[in-house]
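What follows is the content of protein-v8.pdb, which has PDB, C-alpha atoms and all ligand atoms:
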```
ATOM      1  CA  MET A 531      19.418  36.377 -30.179  1.00  0.00           C
ATOM      2  CA  LYS A 532      21.097  32.942 -30.210  1.00  0.00           C
ATOM      3  CA  ASP A 533      24.354  33.847 -28.487  1.00  0.00           C
ATOM      4  CA  GLU A 534      26.021  37.232 -28.694  1.00  0.00           C
ATOM      5  CA  VAL A 535      28.511  36.871 -31.525  1.00  0.00           C
ATOM      6  CA  GLN A 536      32.084  38.176 -31.383  1.00  0.00           C
ATOM      7  CA  GLY A 537      32.652  38.957 -35.056  1.00  0.00           C
ATOM      8  CA  LYS A 538      30.819  41.289 -37.423  1.00  0.00           C
ATOM      9  CA  PHE A 539      28.450  40.168 -40.142  1.00  0.00           C
ATOM     10  CA  ILE A 540      28.519  42.262 -43.315  1.00  0.00           C
ATOM     11  CA  THR A 541      26.360  41.655 -46.366  1.00  0.00           C
ATOM     12  CA  ILE A 542      26.393  43.124 -49.849  1.00  0.00           C
ATOM     13  CA  GLU A 543      23.184  43.329 -51.823  1.00  0.00           C
ATOM     14  CA  GLY A 544      21.789  44.512 -55.131  1.00  0.00           C
ATOM     15  CA  ILE A 545      20.401  43.226 -58.402  1.00  0.00           C
ATOM     16  CA  GLU A 546      22.519  41.291 -60.919  1.00  0.00           C
ATOM     17  CA  GLY A 547      25.651  42.939 -62.236  1.00  0.00           C
ATOM     18  CA  VAL A 548      25.776  45.945 -59.881  1.00  0.00           C
ATOM     19  CA  GLY A 549      29.247  44.996 -58.639  1.00  0.00           C
ATOM     20  CA  LYS A 550      28.762  42.776 -55.584  1.00  0.00           C
ATOM     21  CA  SER A 551      31.577  40.315 -56.398  1.00  0.00           C
ATOM     22  CA  THR A 552      33.927  43.101 -57.466  1.00  0.00           C
ATOM     23  CA  ASN A 553      33.390  44.977 -54.212  1.00  0.00           C
ATOM     24  CA  ILE A 554      33.457  41.924 -51.955  1.00  0.00           C
ATOM     25  CA  ALA A 555      37.057  41.466 -53.031  1.00  0.00           C
ATOM     26  CA  PHE A 556      37.760  45.115 -52.160  1.00  0.00           C
ATOM     27  CA  MET A 557      36.030  44.838 -48.762  1.00  0.00           C
ATOM     28  CA  THR A 558      37.936  41.677 -47.915  1.00  0.00           C
ATOM     29  CA  ARG A 559      41.283  43.311 -48.692  1.00  0.00           C
ATOM     30  CA  LEU A 560      40.388  46.331 -46.593  1.00  0.00           C
ATOM     31  CA  LEU A 561      39.270  44.309 -43.556  1.00  0.00           C
ATOM     32  CA  ARG A 562      42.277  41.968 -43.740  1.00  0.00           C
ATOM     33  CA  SER A 563      44.612  44.930 -43.834  1.00  0.00           C
ATOM     34  CA  ALA A 564      42.880  46.148 -40.659  1.00  0.00           C
ATOM     35  CA  GLY A 565      43.938  42.841 -39.067  1.00  0.00           C
ATOM     36  CA  LYS A 566      40.613  41.003 -39.131  1.00  0.00           C
ATOM     37  CA  GLU A 567      40.104  37.346 -39.936  1.00  0.00           C
ATOM     38  CA  VAL A 568      37.638  37.480 -42.840  1.00  0.00           C
ATOM     39  CA  VAL A 569      35.387  34.686 -44.065  1.00  0.00           C
ATOM     40  CA  VAL A 570      34.027  35.414 -47.539  1.00  0.00           C
ATOM     41  CA  THR A 571      30.897  33.608 -48.580  1.00  0.00           C
ATOM     42  CA  ARG A 572      27.743  33.857 -50.657  1.00  0.00           C
ATOM     43  CA  GLU A 573      24.044  33.045 -50.779  1.00  0.00           C
ATOM     44  CA  PRO A 574      22.390  30.909 -51.808  1.00  0.00           C
ATOM     45  CA  GLY A 575      25.283  28.556 -51.074  1.00  0.00           C
ATOM     46  CA  GLY A 576      28.326  28.817 -48.843  1.00  0.00           C
ATOM     47  CA  THR A 577      28.592  25.150 -47.794  1.00  0.00           C
ATOM     48  CA  PRO A 578      28.726  22.032 -50.008  1.00  0.00           C
ATOM     49  CA  PHE A 579      25.088  21.120 -49.280  1.00  0.00           C
ATOM     50  CA  ALA A 580      23.865  24.700 -49.720  1.00  0.00           C
ATOM     51  CA  GLU A 581      25.808  25.006 -53.000  1.00  0.00           C
ATOM     52  CA  ARG A 582      23.878  21.957 -54.280  1.00  0.00           C
ATOM     53  CA  ILE A 583      20.639  23.808 -53.506  1.00  0.00           C
ATOM     54  CA  ARG A 584      22.031  26.902 -55.262  1.00  0.00           C
ATOM     55  CA  ALA A 585      22.762  24.888 -58.392  1.00  0.00           C
ATOM     56  CA  LEU A 586      19.117  23.858 -58.517  1.00  0.00           C
ATOM     57  CA  LEU A 587      17.897  27.423 -57.932  1.00  0.00           C
ATOM     58  CA  VAL A 588      19.939  29.049 -60.690  1.00  0.00           C
ATOM     59  CA  ASP A 589      19.661  26.251 -63.291  1.00  0.00           C
ATOM     60  CA  PRO A 590      17.990  27.764 -66.376  1.00  0.00           C
ATOM     61  CA  ASP A 591      17.060  24.265 -67.575  1.00  0.00           C
ATOM     62  CA  CYS A 592      15.060  23.464 -64.440  1.00  0.00           C
ATOM     63  CA  ASP A 593      11.287  23.560 -64.799  1.00  0.00           C
ATOM     64  CA  PRO A 594       9.942  26.682 -63.107  1.00  0.00           C
ATOM     65  CA  CYS A 595       9.231  26.021 -59.430  1.00  0.00           C
ATOM     66  CA  THR A 596       6.540  27.779 -57.415  1.00  0.00           C
ATOM     67  CA  PRO A 597       7.580  30.945 -55.542  1.00  0.00           C
ATOM     68  CA  ASP A 598       6.912  29.123 -52.249  1.00  0.00           C
ATOM     69  CA  THR A 599       9.288  26.316 -53.224  1.00  0.00           C
ATOM     70  CA  GLU A 600      11.904  28.868 -54.198  1.00  0.00           C
ATOM     71  CA  LEU A 601      11.499  30.642 -50.848  1.00  0.00           C
ATOM     72  CA  LEU A 602      11.794  27.417 -48.860  1.00  0.00           C
ATOM     73  CA  LEU A 603      14.884  26.327 -50.795  1.00  0.00           C
ATOM     74  CA  MET A 604      16.486  29.707 -50.104  1.00  0.00           C
ATOM     75  CA  PHE A 605      15.925  29.223 -46.374  1.00  0.00           C
ATOM     76  CA  ALA A 606      16.971  25.545 -46.491  1.00  0.00           C
ATOM     77  CA  SER A 607      20.255  26.686 -47.991  1.00  0.00           C
ATOM     78  CA  ARG A 608      20.486  29.522 -45.435  1.00  0.00           C
ATOM     79  CA  ALA A 609      19.925  27.167 -42.481  1.00  0.00           C
ATOM     80  CA  GLU A 610      22.859  25.019 -43.670  1.00  0.00           C
ATOM     81  CA  HIS A 611      25.000  28.052 -44.282  1.00  0.00           C
ATOM     82  CA  LEU A 612      24.304  29.532 -40.843  1.00  0.00           C
ATOM     83  CA  ALA A 613      24.993  26.271 -39.018  1.00  0.00           C
ATOM     84  CA  GLY A 614      27.987  25.196 -41.076  1.00  0.00           C
ATOM     85  CA  LYS A 615      29.791  28.465 -41.702  1.00  0.00           C
ATOM     86  CA  ILE A 616      28.354  31.786 -40.526  1.00  0.00           C
ATOM     87  CA  TRP A 617      27.766  31.085 -36.827  1.00  0.00           C
ATOM     88  CA  PRO A 618      31.017  29.194 -36.251  1.00  0.00           C
ATOM     89  CA  ALA A 619      32.958  32.050 -37.872  1.00  0.00           C
ATOM     90  CA  LEU A 620      31.190  34.827 -35.959  1.00  0.00           C
ATOM     91  CA  GLU A 621      31.492  32.927 -32.684  1.00  0.00           C
ATOM     92  CA  ARG A 622      35.269  32.691 -32.978  1.00  0.00           C
ATOM     93  CA  GLY A 623      35.462  36.417 -33.741  1.00  0.00           C
ATOM     94  CA  ALA A 624      35.899  36.334 -37.526  1.00  0.00           C
ATOM     95  CA  TRP A 625      34.254  38.931 -39.744  1.00  0.00           C
ATOM     96  CA  VAL A 626      31.895  37.393 -42.278  1.00  0.00           C
ATOM     97  CA  VAL A 627      31.379  39.098 -45.637  1.00  0.00           C
ATOM     98  CA  CYS A 628      28.451  37.576 -47.485  1.00  0.00           C
ATOM     99  CA  ASP A 629      27.331  38.119 -51.079  1.00  0.00           C
ATOM    100  CA  ARG A 630      23.554  38.438 -50.563  1.00  0.00           C
ATOM    101  CA  PHE A 631      21.498  37.337 -47.533  1.00  0.00           C
ATOM    102  CA  THR A 632      17.921  37.640 -46.280  1.00  0.00           C
ATOM    103  CA  ASP A 633      17.365  41.128 -47.725  1.00  0.00           C
ATOM    104  CA  ALA A 634      17.656  39.406 -51.109  1.00  0.00           C
ATOM    105  CA  THR A 635      14.853  37.042 -50.108  1.00  0.00           C
ATOM    106  CA  PHE A 636      12.591  39.977 -49.211  1.00  0.00           C
ATOM    107  CA  ALA A 637      13.552  41.686 -52.490  1.00  0.00           C
ATOM    108  CA  TYR A 638      13.409  38.721 -54.929  1.00  0.00           C
ATOM    109  CA  GLN A 639      10.864  36.316 -53.464  1.00  0.00           C
ATOM    110  CA  GLY A 640       8.906  39.080 -51.680  1.00  0.00           C
ATOM    111  CA  ALA A 641       8.842  42.175 -53.907  1.00  0.00           C
ATOM    112  CA  GLY A 642       9.818  40.282 -57.075  1.00  0.00           C
ATOM    113  CA  ARG A 643       7.657  37.155 -56.864  1.00  0.00           C
ATOM    114  CA  GLY A 644       4.923  38.566 -54.634  1.00  0.00           C
ATOM    115  CA  ILE A 645       5.245  36.388 -51.533  1.00  0.00           C
ATOM    116  CA  GLU A 646       3.819  38.058 -48.427  1.00  0.00           C
ATOM    117  CA  SER A 647       6.656  39.505 -46.360  1.00  0.00           C
ATOM    118  CA  GLY A 648       5.089  38.042 -43.199  1.00  0.00           C
ATOM    119  CA  HIS A 649       5.938  34.534 -44.413  1.00  0.00           C
ATOM    120  CA  ILE A 650       9.535  35.533 -45.062  1.00  0.00           C
ATOM    121  CA  GLY A 651       9.744  37.283 -41.689  1.00  0.00           C
ATOM    122  CA  ALA A 652       8.500  34.143 -39.937  1.00  0.00           C
ATOM    123  CA  LEU A 653      11.231  32.006 -41.542  1.00  0.00           C
ATOM    124  CA  GLU A 654      13.810  34.665 -40.728  1.00  0.00           C
ATOM    125  CA  ALA A 655      12.780  34.751 -37.061  1.00  0.00           C
ATOM    126  CA  TRP A 656      12.775  30.953 -36.819  1.00  0.00           C
ATOM    127  CA  LEU A 657      16.046  30.194 -38.591  1.00  0.00           C
ATOM    128  CA  GLN A 658      18.215  33.206 -37.793  1.00  0.00           C
ATOM    129  CA  LYS A 659      17.401  33.361 -34.086  1.00  0.00           C
ATOM    130  CA  GLY A 660      17.809  37.128 -34.055  1.00  0.00           C
ATOM    131  CA  LEU A 661      20.979  37.241 -36.149  1.00  0.00           C
ATOM    132  CA  ARG A 662      20.950  40.099 -38.665  1.00  0.00           C
ATOM    133  CA  PRO A 663      23.815  41.777 -40.490  1.00  0.00           C
ATOM    134  CA  HIS A 664      25.654  44.526 -38.612  1.00  0.00           C
ATOM    135  CA  LEU A 665      26.156  46.351 -41.905  1.00  0.00           C
ATOM    136  CA  THR A 666      24.608  45.905 -45.344  1.00  0.00           C
ATOM    137  CA  ILE A 667      25.945  47.633 -48.431  1.00  0.00           C
ATOM    138  CA  LEU A 668      23.164  48.016 -50.997  1.00  0.00           C
ATOM    139  CA  LEU A 669      24.604  48.657 -54.454  1.00  0.00           C
ATOM    140  CA  ASP A 670      21.872  50.474 -56.301  1.00  0.00           C
ATOM    141  CA  ALA A 671      21.753  51.159 -60.026  1.00  0.00           C
ATOM    142  CA  ASP A 672      19.295  51.284 -62.854  1.00  0.00           C
ATOM    143  CA  VAL A 673      18.229  47.782 -63.836  1.00  0.00           C
ATOM    144  CA  GLN A 674      19.532  48.239 -67.391  1.00  0.00           C
ATOM    145  CA  ILE A 675      23.031  49.049 -66.137  1.00  0.00           C
ATOM    146  CA  GLY A 676      23.213  45.940 -63.956  1.00  0.00           C
ATOM    147  CA  LEU A 677      21.808  43.583 -66.561  1.00  0.00           C
ATOM    148  CA  GLU A 678      24.123  44.968 -69.213  1.00  0.00           C
ATOM    149  CA  ARG A 679      27.152  44.399 -66.976  1.00  0.00           C
ATOM    150  CA  ALA A 680      25.945  40.904 -66.008  1.00  0.00           C
ATOM    151  CA  GLY A 681      25.118  40.042 -69.626  1.00  0.00           C
ATOM    152  CA  LYS A 682      28.726  40.583 -70.674  1.00  0.00           C
ATOM    153  CA  ARG A 683      29.681  37.526 -68.637  1.00  0.00           C
ATOM    154  CA  GLY A 684      28.000  34.994 -70.927  1.00  0.00           C
ATOM    155  CA  GLU A 685      25.089  32.618 -70.431  1.00  0.00           C
ATOM    156  CA  LEU A 686      22.288  33.931 -68.213  1.00  0.00           C
ATOM    157  CA  ASP A 687      21.067  31.960 -65.175  1.00  0.00           C
ATOM    158  CA  ARG A 688      17.422  31.318 -64.184  1.00  0.00           C
ATOM    159  CA  PHE A 689      17.081  34.677 -62.387  1.00  0.00           C
ATOM    160  CA  GLU A 690      18.941  36.703 -65.003  1.00  0.00           C
ATOM    161  CA  ARG A 691      16.355  35.566 -67.587  1.00  0.00           C
ATOM    162  CA  GLU A 692      13.509  37.362 -65.803  1.00  0.00           C
ATOM    163  CA  GLU A 693      11.885  40.359 -67.489  1.00  0.00           C
ATOM    164  CA  LEU A 694      12.855  43.961 -66.688  1.00  0.00           C
ATOM    165  CA  GLN A 695       9.763  44.629 -64.576  1.00  0.00           C
ATOM    166  CA  PHE A 696      10.770  41.808 -62.245  1.00  0.00           C
ATOM    167  CA  PHE A 697      14.117  43.509 -61.533  1.00  0.00           C
ATOM    168  CA  ASP A 698      12.399  46.886 -61.141  1.00  0.00           C
ATOM    169  CA  ARG A 699      10.289  45.346 -58.367  1.00  0.00           C
ATOM    170  CA  VAL A 700      13.366  43.759 -56.797  1.00  0.00           C
ATOM    171  CA  ARG A 701      15.246  47.060 -56.879  1.00  0.00           C
ATOM    172  CA  ALA A 702      12.283  48.875 -55.314  1.00  0.00           C
ATOM    173  CA  GLY A 703      12.055  46.125 -52.666  1.00  0.00           C
ATOM    174  CA  TYR A 704      15.693  46.657 -51.733  1.00  0.00           C
ATOM    175  CA  LEU A 705      15.285  50.446 -51.548  1.00  0.00           C
ATOM    176  CA  ASP A 706      12.268  49.962 -49.323  1.00  0.00           C
ATOM    177  CA  ILE A 707      14.332  47.975 -46.825  1.00  0.00           C
ATOM    178  CA  ALA A 708      17.058  50.644 -46.902  1.00  0.00           C
ATOM    179  CA  GLN A 709      14.505  53.340 -46.177  1.00  0.00           C
ATOM    180  CA  ARG A 710      13.141  51.400 -43.220  1.00  0.00           C
ATOM    181  CA  GLU A 711      16.580  50.514 -41.806  1.00  0.00           C
ATOM    182  CA  PRO A 712      18.948  53.383 -42.621  1.00  0.00           C
ATOM    183  CA  GLU A 713      21.253  52.538 -39.706  1.00  0.00           C
ATOM    184  CA  ARG A 714      22.038  49.076 -41.037  1.00  0.00           C
ATOM    185  CA  VAL A 715      21.569  49.394 -44.790  1.00  0.00           C
ATOM    186  CA  LYS A 716      23.830  51.857 -46.617  1.00  0.00           C
ATOM    187  CA  VAL A 717      22.850  52.650 -50.187  1.00  0.00           C
ATOM    188  CA  VAL A 718      25.751  53.208 -52.581  1.00  0.00           C
ATOM    189  CA  ASP A 719      25.178  54.464 -56.132  1.00  0.00           C
ATOM    190  CA  ALA A 720      26.591  51.608 -58.184  1.00  0.00           C
ATOM    191  CA  SER A 721      26.305  53.498 -61.470  1.00  0.00           C
ATOM    192  CA  SER A 722      29.252  55.725 -60.504  1.00  0.00           C
ATOM    193  CA  ALA A 723      32.870  54.901 -61.294  1.00  0.00           C
ATOM    194  CA  LEU A 724      34.293  52.006 -59.295  1.00  0.00           C
ATOM    195  CA  ALA A 725      36.711  54.306 -57.429  1.00  0.00           C
ATOM    196  CA  ARG A 726      33.799  56.413 -56.178  1.00  0.00           C
ATOM    197  CA  VAL A 727      31.814  53.308 -55.178  1.00  0.00           C
ATOM    198  CA  GLN A 728      34.793  51.978 -53.228  1.00  0.00           C
ATOM    199  CA  GLU A 729      35.455  55.291 -51.531  1.00  0.00           C
ATOM    200  CA  GLN A 730      31.926  55.159 -50.092  1.00  0.00           C
ATOM    201  CA  ILE A 731      32.112  51.488 -49.115  1.00  0.00           C
ATOM    202  CA  GLY A 732      35.468  52.216 -47.461  1.00  0.00           C
ATOM    203  CA  ARG A 733      33.887  54.924 -45.330  1.00  0.00           C
ATOM    204  CA  HIS A 734      31.105  52.611 -44.136  1.00  0.00           C
ATOM    205  CA  LEU A 735      33.619  49.891 -43.255  1.00  0.00           C
ATOM    206  CA  ALA A 736      35.849  52.376 -41.432  1.00  0.00           C
ATOM    207  CA  ALA A 737      32.883  53.426 -39.276  1.00  0.00           C
ATOM    208  CA  LEU A 738      32.148  49.796 -38.366  1.00  0.00           C
ATOM    209  CA  LEU A 739      35.822  49.072 -37.612  1.00  0.00           C
ATOM    210  CA  GLU A 740      35.941  52.113 -35.355  1.00  0.00           C
ATOM    211  CA  GLU A 741      32.784  51.038 -33.555  1.00  0.00           C
ATOM    212  CA  ALA A 742      34.148  47.501 -33.088  1.00  0.00           C
ATOM    213  CA  ASP A 743      37.480  48.775 -31.747  1.00  0.00           C
ATOM    214  CA  ALA A 744      35.735  51.141 -29.339  1.00  0.00           C
ATOM    215  CA  ALA A 745      33.732  48.204 -27.928  1.00  0.00           C
ATOM    216  CA  ASP A 746      36.886  46.081 -27.308  1.00  0.00           C
TER
HETATM  217  N1  LIG A 801      31.219  50.832 -60.717  1.00  0.00           N
HETATM  218  C1  LIG A 801      31.433  50.089 -61.808  1.00  0.00           C
HETATM  219  N2  LIG A 801      31.571  50.688 -63.005  1.00  0.00           N
HETATM  220  C2  LIG A 801      31.757  49.968 -64.134  1.00  0.00           C
HETATM  221  N3  LIG A 801      31.816  48.623 -64.188  1.00  0.00           N
HETATM  222  C3  LIG A 801      31.671  47.965 -63.015  1.00  0.00           C
HETATM  223  C4  LIG A 801      31.472  48.661 -61.785  1.00  0.00           C
HETATM  224  N4  LIG A 801      31.339  47.734 -60.797  1.00  0.00           N
HETATM  225  C5  LIG A 801      31.466  46.535 -61.388  1.00  0.00           C
HETATM  226  N5  LIG A 801      31.663  46.651 -62.716  1.00  0.00           N
HETATM  227  C6  LIG A 801      31.798  45.565 -63.721  1.00  0.00           C
HETATM  228  O1  LIG A 801      30.489  45.022 -63.912  1.00  0.00           O
HETATM  229  C7  LIG A 801      30.561  43.614 -64.110  1.00  0.00           C
HETATM  230  C8  LIG A 801      29.676  42.916 -63.076  1.00  0.00           C
HETATM  231  O2  LIG A 801      30.253  43.091 -61.779  1.00  0.00           O
HETATM  232  P1  LIG A 801      30.128  41.955 -60.672  1.00  0.00           P
HETATM  233  O3  LIG A 801      30.333  40.615 -61.241  1.00  0.00           O
HETATM  234  O4  LIG A 801      30.982  42.387 -59.522  1.00  0.00           O
HETATM  235  O5  LIG A 801      28.570  42.144 -60.286  1.00  0.00           O
HETATM  236  P2  LIG A 801      27.689  41.239 -59.316  1.00  0.00           P
HETATM  237  O6  LIG A 801      26.801  42.199 -58.599  1.00  0.00           O
HETATM  238  O7  LIG A 801      28.548  40.365 -58.505  1.00  0.00           O
HETATM  239  O8  LIG A 801      26.853  40.399 -60.357  1.00  0.00           O
HETATM  240  P3  LIG A 801      25.950  39.082 -60.016  1.00  0.00           P
HETATM  241  O9  LIG A 801      24.739  39.550 -59.295  1.00  0.00           O
HETATM  242  O10 LIG A 801      25.547  38.572 -61.357  1.00  0.00           O
HETATM  243  O11 LIG A 801      26.818  38.151 -59.251  1.00  0.00           O
HETATM  244  C9  LIG A 801      32.041  43.244 -63.996  1.00  0.00           C
HETATM  245  O12 LIG A 801      32.555  43.148 -65.300  1.00  0.00           O
HETATM  246  C10 LIG A 801      32.639  44.408 -63.244  1.00  0.00           C
HETATM  247  O13 LIG A 801      33.994  44.596 -63.575  1.00  0.00           O
HETATM  248 MG    MG A 802      28.557  38.261 -58.259  1.00  0.00          MG
END
```
Please rewrite the model in this file as structure tokens.
Amino acid sequence: MKDEVQGKFITIEGIEGVGKSTNIAFMTRLLRSAGKEVVVTREPGGTPFAERIRALLVDPDCDPCTPDTELLLMFASRAEHLAGKIWPALERGAWVVCDRFTDATFAYQGAGRGIESGHIGALEAWLQKGLRPHLTILLDADVQIGLERAGKRGELDRFEREELQFFDRVRAGYLDIAQREPERVKVVDASSALARVQEQIGRHLAALLEEADAAD
């Protein structure tokens, strides 16, 4: 690991429209009321340079790029984000709440686009220097539910225009990670009412807060 970090790194994952943005706001409120400094951010993006890469990645008018190019752009954006925002925040003891991270790369570019996970793992090892989220909330719901919720927001981006089978593979990719890493990745049924979703997320955050306080 690079240096031991002081703060906690929390990510929220899931296919389009499952409620990541909605619940990031909830998580941030909860952590701030527990007295934590919270940095809220997202991937791809999070810094001005990385947001420029994001714009390219989600642009529906861009010619399709190869899956390898997409993967490398994701990690180019991540390298900027880590250096410019995530590490500095964690090192000063802030809690970072990030809308998507490397699990999304394994799910979308790996399971979705078919890139060998070994290639993704190699980039992860190189660029993250051992840093992985302390807690990941995986919002899981039927693909139709997520796309329907996302579709209500207006024009679809480059990813949202993929066919249903693509998102089925992405969802399965996410669930695979959760099965392999049950300690880190907590699956929450995103098809239930928001209050029920937030009750479960609240419990996972409370456990992490307790663990962090016990270590102080
Ligand atoms: N549990 C829920 N039940 C019903 N509606 C929900 C629930 N969670 C979120 N929504 C609604 O679904 C829509 C999409 O939610 P949100 O934007 O938070 O999803 P997202 O995962 O951030 O999407 P994207 O991947 O496109 O960024 C919003 O209108 C939100 O209010
Ligand atoms: Mg969102």
**Study point:** Residue nearest ligand LIG 801 (chain A) - candidates A:Glu740, A:Glu543, A:Glu693, A:Glu534, atoms counted: only C-alpha atoms and all ligand atoms
**Key:** A:Glu543
Review point. For ligand MG 802 (chain A), which of A:Thr552, A:Gln674, A:Thr632, A:Gln658 is the closest residue, counting only C-alpha atoms and all ligand atoms?
Key: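 The answer is A:Thr552, which sits nearest to ligand MG 802 (chain A).
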Review point. Nearest to Phe556 of chain A among A:Lys659, A:Glu711, A:Glu678, A:Glu729, with distances taken over all atoms listed in the file: which residue is it?
Key: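 Once distances to Phe556 of chain A are computed over all atoms listed in the file, the minimum belongs to A:Glu729.
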Practice item. Run the PyMOL selection byres (((not hetatm)) within 9 of (chain A and resi 801)) mentally over the shown coordinates, then write out the matched residues as a count of residues only, using the chain letters and numbers from the document. Key: 39
Practice item. Using the chain letters and numbering of this document, enumerate as a ChimeraX atom specification the residues selected by the PyMOL selection byres (((chain A and resi 541) around 12) and not hetatm). Key: /A:538-540,542-544,550-551,553-554,557-558,569-573,616,625-634,662-669,714-716,731,735
Exercise for review: Return the single residue from A:Arg688, A:Arg643, A:Lys566, A:Arg622 that is closest to Gly703 of chain A, with distances computed using only C-alpha atoms.
Suggested key: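 Of all the options, A:Arg643 lies closest to Gly703 of chain A.
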Practice item. Mind giving me the straight-line distance from atom CA of Leu694 of chain A to atom CA of Thr596 of chain A in Å, one decimal? Key: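 Computing the Euclidean distance for atom CA of Leu694 of chain A and atom CA of Thr596 of chain A yields 19.7 Å.
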Review point. What separation in Å, quoted to one decimal, exists between atom CA of Gly640 of chain A and atom CA of Pro578 of chain A?
Key: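 Value for the atom CA of Gly640 of chain A-atom CA of Pro578 of chain A distance: 26.2 Å.
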Exercise for review: Choose the residue, out of A:His611, A:Leu560, A:Leu601, A:Cys595, that has the smallest atom-to-atom separation from Phe579 of chain A; count all atoms listed in the file.
Suggested key: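 For Phe579 of chain A, the nearest of the candidates is A:His611.
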**Study point:** Residue nearest Leu653 of chain A - candidates A:Ala671, A:Ala637, A:Leu620, A:Ala609, atoms counted: only C-alpha atoms
**Key:**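 Checking each candidate against Leu653 of chain A, we get A:Ala609 as the closest.
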